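Colleague: As input, take model_28.txt (compact mmCIF, C-alpha atoms and all ligand atoms):
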```txt
# COMPACT_ATOMS: atom_id res chain seq x y z
CA MET Q 1 34.00 9.41 7.02
CA ASN Q 2 31.79 12.14 8.39
CA LYS Q 3 32.30 11.72 12.15
CA VAL Q 4 29.57 14.21 13.02
CA LYS Q 5 27.04 12.25 10.97
CA GLU Q 6 28.19 9.05 12.68
CA LYS Q 7 27.68 10.57 16.12
CA LEU Q 8 24.27 11.93 15.18
CA LEU Q 9 23.19 8.52 13.92
CA LYS Q 10 24.32 6.95 17.20
CA GLY Q 11 22.26 9.51 19.15
CA GLU Q 12 25.37 11.19 20.52
CA ARG Q 13 25.42 14.97 20.59
CA PRO Q 14 28.36 16.39 18.65
CA ILE Q 15 29.54 19.84 19.74
CA GLY Q 16 30.58 22.55 17.33
CA THR Q 17 31.33 26.24 17.24
CA PHE Q 18 31.21 29.05 14.71
CA GLU Q 19 34.66 29.97 13.42
CA GLU Q 20 34.67 33.69 12.64
CA THR Q 21 38.29 34.82 12.83
CA GLY Q 22 39.51 33.00 9.73
CA SER Q 23 42.79 32.59 11.63
CA GLN Q 24 44.53 29.33 10.85
CA TYR Q 25 46.25 29.49 14.24
CA VAL Q 26 42.81 29.50 15.84
CA VAL Q 27 41.49 26.67 13.65
CA GLU Q 28 44.54 24.57 14.47
CA ALA Q 29 44.25 25.39 18.18
CA LEU Q 30 40.56 24.39 18.20
CA GLY Q 31 41.70 20.92 17.17
CA TYR Q 32 43.04 20.49 20.72
CA THR Q 33 39.72 21.26 22.44
CA GLY Q 34 37.64 18.14 21.80
CA LEU Q 35 35.21 20.04 19.56
CA ASP Q 36 33.66 17.76 16.96
CA TYR Q 37 33.18 20.39 14.28
CA ILE Q 38 33.55 24.03 13.42
CA ILE Q 39 31.29 26.04 11.14
CA ILE Q 40 33.42 28.18 8.87
CA ASP Q 41 31.22 31.24 8.62
CA ASN Q 42 30.96 32.79 5.18
CA GLU Q 43 27.77 34.64 6.14
CA HIS Q 44 28.66 36.91 9.06
CA ALA Q 45 32.47 36.74 9.12
CA PRO Q 46 34.93 38.26 6.62
CA THR Q 47 35.84 34.70 5.60
CA ASP Q 48 35.72 33.94 1.89
CA ILE Q 49 36.17 30.76 -0.07
CA GLU Q 50 39.98 30.79 -0.19
CA THR Q 51 40.22 31.10 3.58
CA SER Q 52 37.50 28.47 3.91
CA SER Q 53 39.48 25.98 1.86
CA ILE Q 54 42.52 26.36 4.15
CA SER Q 55 40.33 26.11 7.26
CA VAL Q 56 38.85 22.86 5.92
CA LYS Q 57 42.35 21.48 5.40
CA ASN Q 58 43.33 22.45 8.94
CA CYS Q 59 40.22 20.77 10.32
CA GLU Q 60 41.16 17.58 8.50
CA LEU Q 61 44.72 17.77 9.84
CA ASN Q 62 43.52 18.42 13.39
CA GLY Q 63 40.73 15.88 13.85
CA MET Q 64 37.69 18.11 13.41
CA THR Q 65 34.86 17.92 10.91
CA ALA Q 66 34.57 21.03 8.77
CA PHE Q 67 31.16 22.55 8.25
CA GLY Q 68 30.67 25.71 6.24
CA ARG Q 69 27.96 28.34 6.39
CA ALA Q 70 27.17 29.65 2.92
CA ARG Q 71 27.39 33.34 2.16
CA GLU Q 72 23.96 33.31 0.47
CA ILE Q 73 21.50 31.06 -1.31
CA SER Q 74 23.20 30.70 -4.67
CA ARG Q 75 24.64 27.85 -6.71
CA SER Q 76 28.13 29.28 -6.58
CA ALA Q 77 28.11 29.91 -2.80
CA VAL Q 78 26.98 26.32 -2.21
CA LEU Q 79 29.16 24.57 -4.77
CA LYS Q 80 32.41 26.28 -3.84
CA LEU Q 81 32.08 25.32 -0.17
CA LEU Q 82 31.24 21.74 -1.12
CA ASP Q 83 34.14 21.55 -3.54
CA VAL Q 84 36.68 22.74 -0.98
CA GLY Q 85 35.51 19.83 1.18
CA VAL Q 86 33.05 20.86 3.88
CA GLN Q 87 31.20 17.86 5.25
CA GLY Q 88 28.21 19.87 6.37
CA LEU Q 89 26.67 22.83 4.63
CA ILE Q 90 24.60 25.27 6.69
CA VAL Q 91 22.54 27.68 4.60
CA PRO Q 92 21.21 30.82 6.28
CA TYR Q 93 17.96 32.69 5.97
CA VAL Q 94 15.98 30.31 3.79
CA LYS Q 95 12.32 31.19 3.52
CA THR Q 96 10.61 28.66 1.27
CA LYS Q 97 10.42 25.00 0.38
CA GLU Q 98 11.31 25.98 -3.19
CA GLU Q 99 14.61 27.50 -1.99
CA CYS Q 100 15.34 24.26 -0.16
CA GLU Q 101 14.63 22.26 -3.30
CA LYS Q 102 17.08 24.48 -5.18
CA LEU Q 103 19.67 23.84 -2.47
CA VAL Q 104 19.22 20.10 -2.88
CA GLY Q 105 19.60 20.48 -6.64
CA TRP Q 106 22.91 22.33 -6.23
CA SER Q 107 24.27 20.16 -3.40
CA LYS Q 108 23.41 16.57 -4.26
CA TYR Q 109 24.47 14.63 -7.32
CA PRO Q 110 21.90 12.72 -9.40
CA PRO Q 111 19.59 10.96 -8.80
CA ILE Q 112 18.81 13.24 -5.81
CA GLY Q 113 19.87 16.58 -7.33
CA GLU Q 114 21.96 17.94 -10.16
CA ARG Q 115 25.20 18.99 -8.47
CA GLY Q 116 27.88 19.89 -10.98
CA PHE Q 117 30.75 17.41 -10.98
CA SER Q 118 34.42 18.29 -10.90
CA THR Q 119 37.39 16.86 -9.12
CA SER Q 120 38.45 19.41 -6.51
CA ARG Q 121 40.11 19.76 -3.12
CA LYS Q 122 37.35 17.62 -1.53
CA ASP Q 123 38.47 14.46 -3.37
CA GLY Q 124 42.18 15.16 -3.66
CA PHE Q 125 41.65 16.43 -7.20
CA GLY Q 126 40.49 12.94 -8.16
CA TYR Q 127 43.39 11.13 -6.43
CA LYS Q 128 42.01 10.59 -2.92
CA LEU Q 129 39.19 8.05 -3.00
CA GLY Q 130 39.90 5.74 -5.93
CA LEU Q 131 36.19 5.54 -6.72
CA SER Q 132 34.35 5.49 -10.04
CA VAL Q 133 32.47 8.68 -10.83
CA ALA Q 134 29.17 6.96 -10.00
CA ASP Q 135 30.48 5.71 -6.63
CA GLU Q 136 31.99 9.09 -5.83
CA MET Q 137 28.64 10.76 -6.47
CA LYS Q 138 26.94 8.33 -4.10
CA TYR Q 139 29.72 8.78 -1.51
CA TYR Q 140 29.31 12.55 -1.35
CA ASN Q 141 25.51 12.37 -1.42
CA ASP Q 142 25.72 10.18 1.70
CA GLU Q 143 28.60 11.89 3.48
CA VAL Q 144 27.89 15.58 3.15
CA LEU Q 145 25.07 16.98 5.25
CA LEU Q 146 22.80 19.65 3.81
CA ILE Q 147 21.32 21.74 6.61
CA PRO Q 148 19.29 24.88 5.88
CA GLN Q 149 18.60 27.24 8.76
CA CYS Q 150 15.14 27.79 10.16
CA GLU Q 151 15.43 31.40 11.28
CA THR Q 152 12.71 33.26 9.40
CA LYS Q 153 8.99 33.34 10.14
CA ASP Q 154 8.33 32.25 6.55
CA ALA Q 155 10.43 29.10 6.97
CA PHE Q 156 8.98 28.50 10.44
CA ASP Q 157 5.40 28.77 9.17
CA HIS Q 158 6.16 26.04 6.60
CA ILE Q 159 8.61 23.96 8.62
CA GLU Q 160 6.68 20.69 8.15
CA GLU Q 161 6.87 21.01 4.33
CA ILE Q 162 10.49 22.15 4.47
CA ALA Q 163 11.58 19.32 6.75
CA ALA Q 164 10.03 16.85 4.30
CA VAL Q 165 12.14 18.03 1.33
CA LYS Q 166 14.06 14.98 0.10
CA GLY Q 167 17.80 15.55 0.21
CA LEU Q 168 17.84 17.76 3.29
CA ASP Q 169 19.65 16.04 6.16
CA GLY Q 170 18.64 18.34 8.98
CA ILE Q 171 17.73 21.85 10.08
CA PHE Q 172 19.81 24.42 11.96
CA ILE Q 173 17.90 26.78 14.25
CA GLY Q 174 19.35 30.29 14.38
CA PRO Q 175 17.78 31.53 17.64
CA TYR Q 176 18.68 35.18 17.11
CA ASP Q 177 17.18 35.63 13.69
CA LEU Q 178 14.26 33.32 14.49
CA SER Q 179 13.34 35.27 17.62
CA ILE Q 180 13.65 38.56 15.72
CA SER Q 181 11.50 37.24 12.90
CA LEU Q 182 8.87 36.06 15.41
CA GLY Q 183 8.76 39.53 16.98
CA ILE Q 184 10.41 38.52 20.29
CA PRO Q 185 14.06 39.52 19.74
CA GLY Q 186 16.37 37.62 22.06
CA ASP Q 187 13.51 36.46 24.31
CA PHE Q 188 14.58 32.83 24.40
CA ASP Q 189 12.54 32.07 27.54
CA SER Q 190 9.25 33.21 26.04
CA ASP Q 191 6.54 30.67 25.28
CA VAL Q 192 6.56 31.86 21.67
CA PHE Q 193 10.21 30.91 21.27
CA VAL Q 194 10.06 27.66 23.25
CA ASN Q 195 6.96 26.50 21.37
CA ALA Q 196 8.56 27.43 18.05
CA VAL Q 197 11.60 25.27 18.83
CA ARG Q 198 9.28 22.43 19.92
CA ARG Q 199 7.40 22.61 16.65
CA ILE Q 200 10.60 22.67 14.58
CA VAL Q 201 12.12 19.73 16.46
CA LYS Q 202 8.94 17.68 16.03
CA ALA Q 203 8.63 18.47 12.31
CA VAL Q 204 12.27 17.57 11.65
CA HIS Q 205 12.36 14.47 13.84
CA ASP Q 206 9.14 13.22 12.23
CA GLN Q 207 11.19 13.08 9.00
CA GLY Q 208 14.00 11.12 10.69
CA LYS Q 209 16.30 14.16 10.39
CA PHE Q 210 18.25 16.04 13.04
CA VAL Q 211 18.26 19.55 14.49
CA ILE Q 212 21.29 21.65 15.38
CA MET Q 213 20.95 24.91 17.31
CA PHE Q 214 23.24 27.76 18.27
CA ALA Q 215 23.71 28.33 22.01
CA GLY Q 216 25.66 31.15 23.60
CA ASN Q 217 25.94 29.75 27.14
CA ASN Q 218 25.38 26.62 29.22
CA ASP Q 219 21.83 27.55 30.24
CA ARG Q 220 20.89 27.72 26.58
CA VAL Q 221 22.54 24.35 25.98
CA LYS Q 222 20.43 22.80 28.76
CA GLN Q 223 17.27 24.39 27.35
CA ALA Q 224 18.14 23.12 23.86
CA TYR Q 225 18.82 19.57 25.08
CA ASP Q 226 15.56 19.59 27.05
CA LEU Q 227 13.76 20.58 23.86
CA GLY Q 228 15.32 17.66 21.95
CA ILE Q 229 18.07 19.43 20.00
CA ASP Q 230 20.60 16.91 18.63
CA SER Q 231 23.71 19.07 18.48
CA ILE Q 232 24.88 22.45 19.72
CA ALA Q 233 26.94 25.00 17.86
CA TYR Q 234 28.33 26.81 20.89
CA SER Q 235 29.19 30.46 20.54
CA LEU Q 236 31.82 31.99 18.24
CA ASP Q 237 35.58 31.87 18.59
CA PRO Q 238 36.01 35.66 19.16
CA ALA Q 239 33.33 35.63 21.89
CA VAL Q 240 34.96 32.66 23.61
CA ILE Q 241 38.35 34.38 23.50
CA ILE Q 242 36.84 37.56 24.96
CA GLU Q 243 35.08 35.63 27.75
CA ALA Q 244 38.21 33.67 28.60
CA TYR Q 245 40.46 36.76 28.70
CA LYS Q 246 37.90 38.78 30.66
CA LYS Q 247 37.89 36.07 33.31
CA ILE Q 248 41.68 35.95 33.31
CA VAL Q 249 41.89 39.72 33.72
CA ASP Q 250 39.33 39.67 36.57
CA ASP Q 251 41.09 36.76 38.30
CA VAL Q 252 44.57 38.24 37.94
CA LYS Q 253 43.40 41.54 39.37
CA LYS Q 254 42.22 39.71 42.48
CA ILE Q 255 45.63 38.14 43.13
CA LYS Q 256 47.55 40.18 45.70
C1 LIG Q 301 21.11 33.06 14.50
O1 LIG Q 301 20.97 32.91 15.73
O2 LIG Q 301 20.43 33.83 13.82
C2 LIG Q 301 22.11 32.27 13.77
O3 LIG Q 301 22.17 32.32 12.58
C3 LIG Q 301 23.05 31.40 14.51
O4 LIG Q 301 23.74 32.01 15.42
MG MG Q 302 21.11 33.88 11.72
```
What's the structure tokens form of this structure?
Ligand code: 3PY
Ligand code: MG
Modeller:
Amino acid sequence: MNKVKEKLLKGERPIGTFEETGSQYVVEALGYTGLDYIIIDNEHAPTDIETSSISVKNCELNGMTAFGRAREISRSAVLKLLDVGVQGLIVPYVKTKEECEKLVGWSKYPPIGERGFSTSRKDGFGYKLGLSVADEMKYYNDEVLLIPQCETKDAFDHIEEIAAVKGLDGIFIGPYDLSISLGIPGDFDSDVFVNAVRRIVKAVHDQGKFVIMFAGNNDRVKQAYDLGIDSIAYSLDPAVIIEAYKKIVDDVKKIK
């Protein structure tokens, strides 16, 4: 059961974070925070597929839903993350509808796409679900969310077409890359940025799909919720550790 999908369908707002350290101690510890999901980052972190597979297992053992961010737009990058058992696949830096159609082809089994079939970690090597092949294909097509990022001007300019691609479950807005691509790096209060998010949210919601966005602090969360974002991926584990320890150091220094 994909608990993040369930919450999204109920109109609740699941909360996630990017997991960059690849540390299994950190993944396990995050299971005690109330976070709904973590995004195991194969794009910007040193994390590779073997680490990802252990992080997915530790999410399952610790009550979190495992999402993965693909290293790149390729069949192998997509398939390996799906086969180790991520329940949401974020794909960075897509530019065109055709790339999104390829992603659907690699990620969804027939009749939606042409995902290659193998038993793997995701299904207990064929011993977990007790389903026929046909039912297993349907199960994973329903359960696993395919979520390309809208973070390039090219994707933004064609967001209505992209959002309509059958087989995509939602869109993830990467505010940093999107603002850079729109020529307003980091200017999240500008009209250009706010109107861009509005347009993306409308295009995606018009298709009955959902929008996740990264936020680095509570003000950005409020802005995102006001703009209709359905879920927040809040910060990155190293940044949260730094913030928490900085505050501790400041506070301890004040104690006489
Ligand atoms: C971005 O902001 O560019 C992302 O990919 C998410 O943090
Ligand atoms: Mg990005």
Colleague: May I have the protein, DNA and RNA residues with an atom at most 8 Å from (24.1, 19.6, 19.1), counting all atoms listed in the file in the file's coordinates, returned as an MDAnalysis selection string?
Modeller: chainID Q and resid 13:16 211:213 225 229:233
Colleague: Sort by chain and increasing residue number a table of all residues of chain Q within 6 Å of ligand LIG 301 (chain Q), each with its closest pair of atoms and their distance in Å to one decimal, counting all atoms listed in the file, and write it as a tab-separated table.
Modeller:
```
residue	atom	partner	partner_atom	distance
Q:Gly174	CA	Q:LIG301	C1	3.3
Q:Pro175	CA	Q:LIG301	O1	4.0
Q:Tyr176	CA	Q:LIG301	O1	3.5
Q:Asp177	CA	Q:LIG301	O2	3.7
Q:Phe214	CA	Q:LIG301	O4	5.1
```
Colleague: Quick one: everything within 9 Å of Gly85 in chain Q, counting all atoms listed in the file, minus sequence neighbours fewer than 2 positions away in the same chain. Send it as JSON, numbers by chain.
Modeller: {"Q": [53, 56, 57, 66, 67, 80, 81, 82, 83, 87, 88, 120, 121, 122, 123, 144]}
Colleague: With C-alpha atoms retained, could you export that selection as a short mmCIF file (atom, residue, chain, number, x, y, z; two decimals), keeping the file's coordinate frame?
Modeller:
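selection_32.cif, written as the output of this step:
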```
data_model
loop_
_atom_site.label_atom_id
_atom_site.label_comp_id
_atom_site.auth_asym_id
_atom_site.auth_seq_id
_atom_site.Cartn_x
_atom_site.Cartn_y
_atom_site.Cartn_z
CA SER Q 53 39.48 25.98 1.86
CA VAL Q 56 38.85 22.86 5.92
CA LYS Q 57 42.35 21.48 5.40
CA ALA Q 66 34.57 21.03 8.77
CA PHE Q 67 31.16 22.55 8.25
CA LYS Q 80 32.41 26.28 -3.84
CA LEU Q 81 32.08 25.32 -0.17
CA LEU Q 82 31.24 21.74 -1.12
CA ASP Q 83 34.14 21.55 -3.54
CA GLN Q 87 31.20 17.86 5.25
CA GLY Q 88 28.21 19.87 6.37
CA SER Q 120 38.45 19.41 -6.51
CA ARG Q 121 40.11 19.76 -3.12
CA LYS Q 122 37.35 17.62 -1.53
CA ASP Q 123 38.47 14.46 -3.37
CA VAL Q 144 27.89 15.58 3.15
#
```
Colleague: Taking only residues of range 200-255 of chain Q that have an atom at most 10 Å from an atom of range 24-38 of chain Q, what is each one's shortest atom pair and its distance in Å to one decimal, using all atoms listed in the file, in chain and number order, as CSV?
Modeller:
```
residue,atom,partner,partner_atom,distance
Q:Ala233,CA,Q:Ile38,CA,8.0
Q:Tyr234,CA,Q:Ile38,CA,9.5
Q:Leu236,CA,Q:Ile38,CA,9.5
Q:Asp237,CA,Q:Val26,CA,8.1
Q:Pro238,CA,Q:Val26,CA,9.8
```
Colleague: I need the residues from that last selection saved to file as a PDB file, in the frame of the given file (with C-alpha atoms), if you can.
Modeller:
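Once everything was written out, this is out.pdb:
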```pdb
ATOM      1  CA  ALA Q 233      26.940  25.000  17.860  1.00  0.00           C
ATOM      2  CA  TYR Q 234      28.330  26.810  20.890  1.00  0.00           C
ATOM      3  CA  LEU Q 236      31.820  31.990  18.240  1.00  0.00           C
ATOM      4  CA  ASP Q 237      35.580  31.870  18.590  1.00  0.00           C
ATOM      5  CA  PRO Q 238      36.010  35.660  19.160  1.00  0.00           C
TER       6      PRO Q 238
END
```
Colleague: Between Q:Ile90, Q:Val197, Q:Ala244, Q:Ala77, which one has atoms that come closest to ligand MG 302 (chain Q), using all atoms listed in the file?
Modeller: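 Using all atoms listed in the file, the shortest distance to ligand MG 302 (chain Q) belongs to Q:Ile90.
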Colleague: Work out how far CA of Gly105 in chain Q is from CA of Asp157 in chain Q, in Å to one decimal.
Modeller: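 We find that CA of Asp157 in chain Q and CA of Gly105 in chain Q lie 22.8 Å from each other.
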Colleague: What is the distance between CA of Glu72 in chain Q and CA of Val91 in chain Q, in Å to one decimal?
Modeller: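 These two atoms are separated by 7.1 Å.
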Colleague: From the list Q:Leu178, Q:Val204, Q:Ala155, Q:Ala224, which residue is nearest Val192 in chain Q when using only C-alpha atoms?
Modeller: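 Smallest separation from Val192 in chain Q among the options: Q:Leu178.
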Colleague: So how far away is CA of Leu168 in chain Q from CA of Lys97 in chain Q, in Å?
Modeller: 10.8 Å
Colleague: At a cut-off of 8 Å from (23.2, 9.1, -4.6) in the coordinates of the file, what residues are picked up using only C-alpha atoms, written as a PyMOL selection string?
Modeller: chain Q and resi 108-112+137-142
Colleague: Using only C-alpha atoms, which protein or nucleic acid residues come within 12 Å of His44 in chain Q? Drop anything in the same chain fewer than 4 positions from it, and give the result as a list in words.
Modeller: Phe18, Glu19, Glu20, Thr21, Gly22, Ile39, Ile40, Asp48, Gly68, Arg69, Ala70, Arg71, Glu72, Val91, Pro92, Tyr93 and Leu236 of chain Q
Colleague: Here is a test: counting all atoms listed in the file, which residue of Q:Phe156, Q:Phe172, Q:Phe117, Q:Trp106 is nearest to ligand MG 302 (chain Q)?
Modeller: Q:Phe172
Colleague: Restricting the calculation to all atoms listed in the file, which member of Q:Ser179, Q:His158, Q:Val165, Q:Glu151 is positioned closest to ligand MG 302 (chain Q)?
Modeller: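 Of Q:Ser179, Q:His158, Q:Val165, Q:Glu151, the one nearest ligand MG 302 (chain Q), counting all atoms listed in the file, is Q:Glu151.
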Colleague: My list of candidates is Q:Ala45, Q:Cys150, Q:Ile173, Q:Cys100. Which is closest to Ala215 in chain Q when distances are computed with all atoms listed in the file?
Modeller: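 Once distances to Ala215 in chain Q are computed over all atoms listed in the file, the minimum belongs to Q:Ile173.
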Colleague: Within 12 Å of Lys10 in chain Q, counting all atoms listed in the file, which residues qualify if same-chain residues fewer than 6 places away don't, as a list in words?
Modeller: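 Here the answer would be Lys3, Val4, Phe210 and Asp230 of chain Q.
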Colleague: Any chance you can output those residues with C-alpha atoms as a tab-separated table (two decimals), keeping the file's coordinate frame?
Modeller:
```tsv
chain	number	residue	atom	x	y	z
Q	3	LYS	CA	32.30	11.72	12.15
Q	4	VAL	CA	29.57	14.21	13.02
Q	210	PHE	CA	18.25	16.04	13.04
Q	230	ASP	CA	20.60	16.91	18.63
```
Colleague: For Lys209 in chain Q, which residue out of Q:Lys153, Q:Lys95, Q:Lys247, Q:Lys166 is the nearest one, using only C-alpha atoms?
Modeller: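 Of all the options, Q:Lys166 lies closest to Lys209 in chain Q.
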Colleague: Give me, as a list in words, all polymer residues having an atom no more than 9 Å from Ala163 in chain Q, counting only C-alpha atoms and skipping those fewer than 6 positions away in the same chain.
Modeller: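 After dropping sequence-adjacent residues, the list is Lys97, Asp169, Gly170, Ile171, Ile200, Ala203, Val204, His205, Asp206, Gln207 and Lys209 of chain Q.
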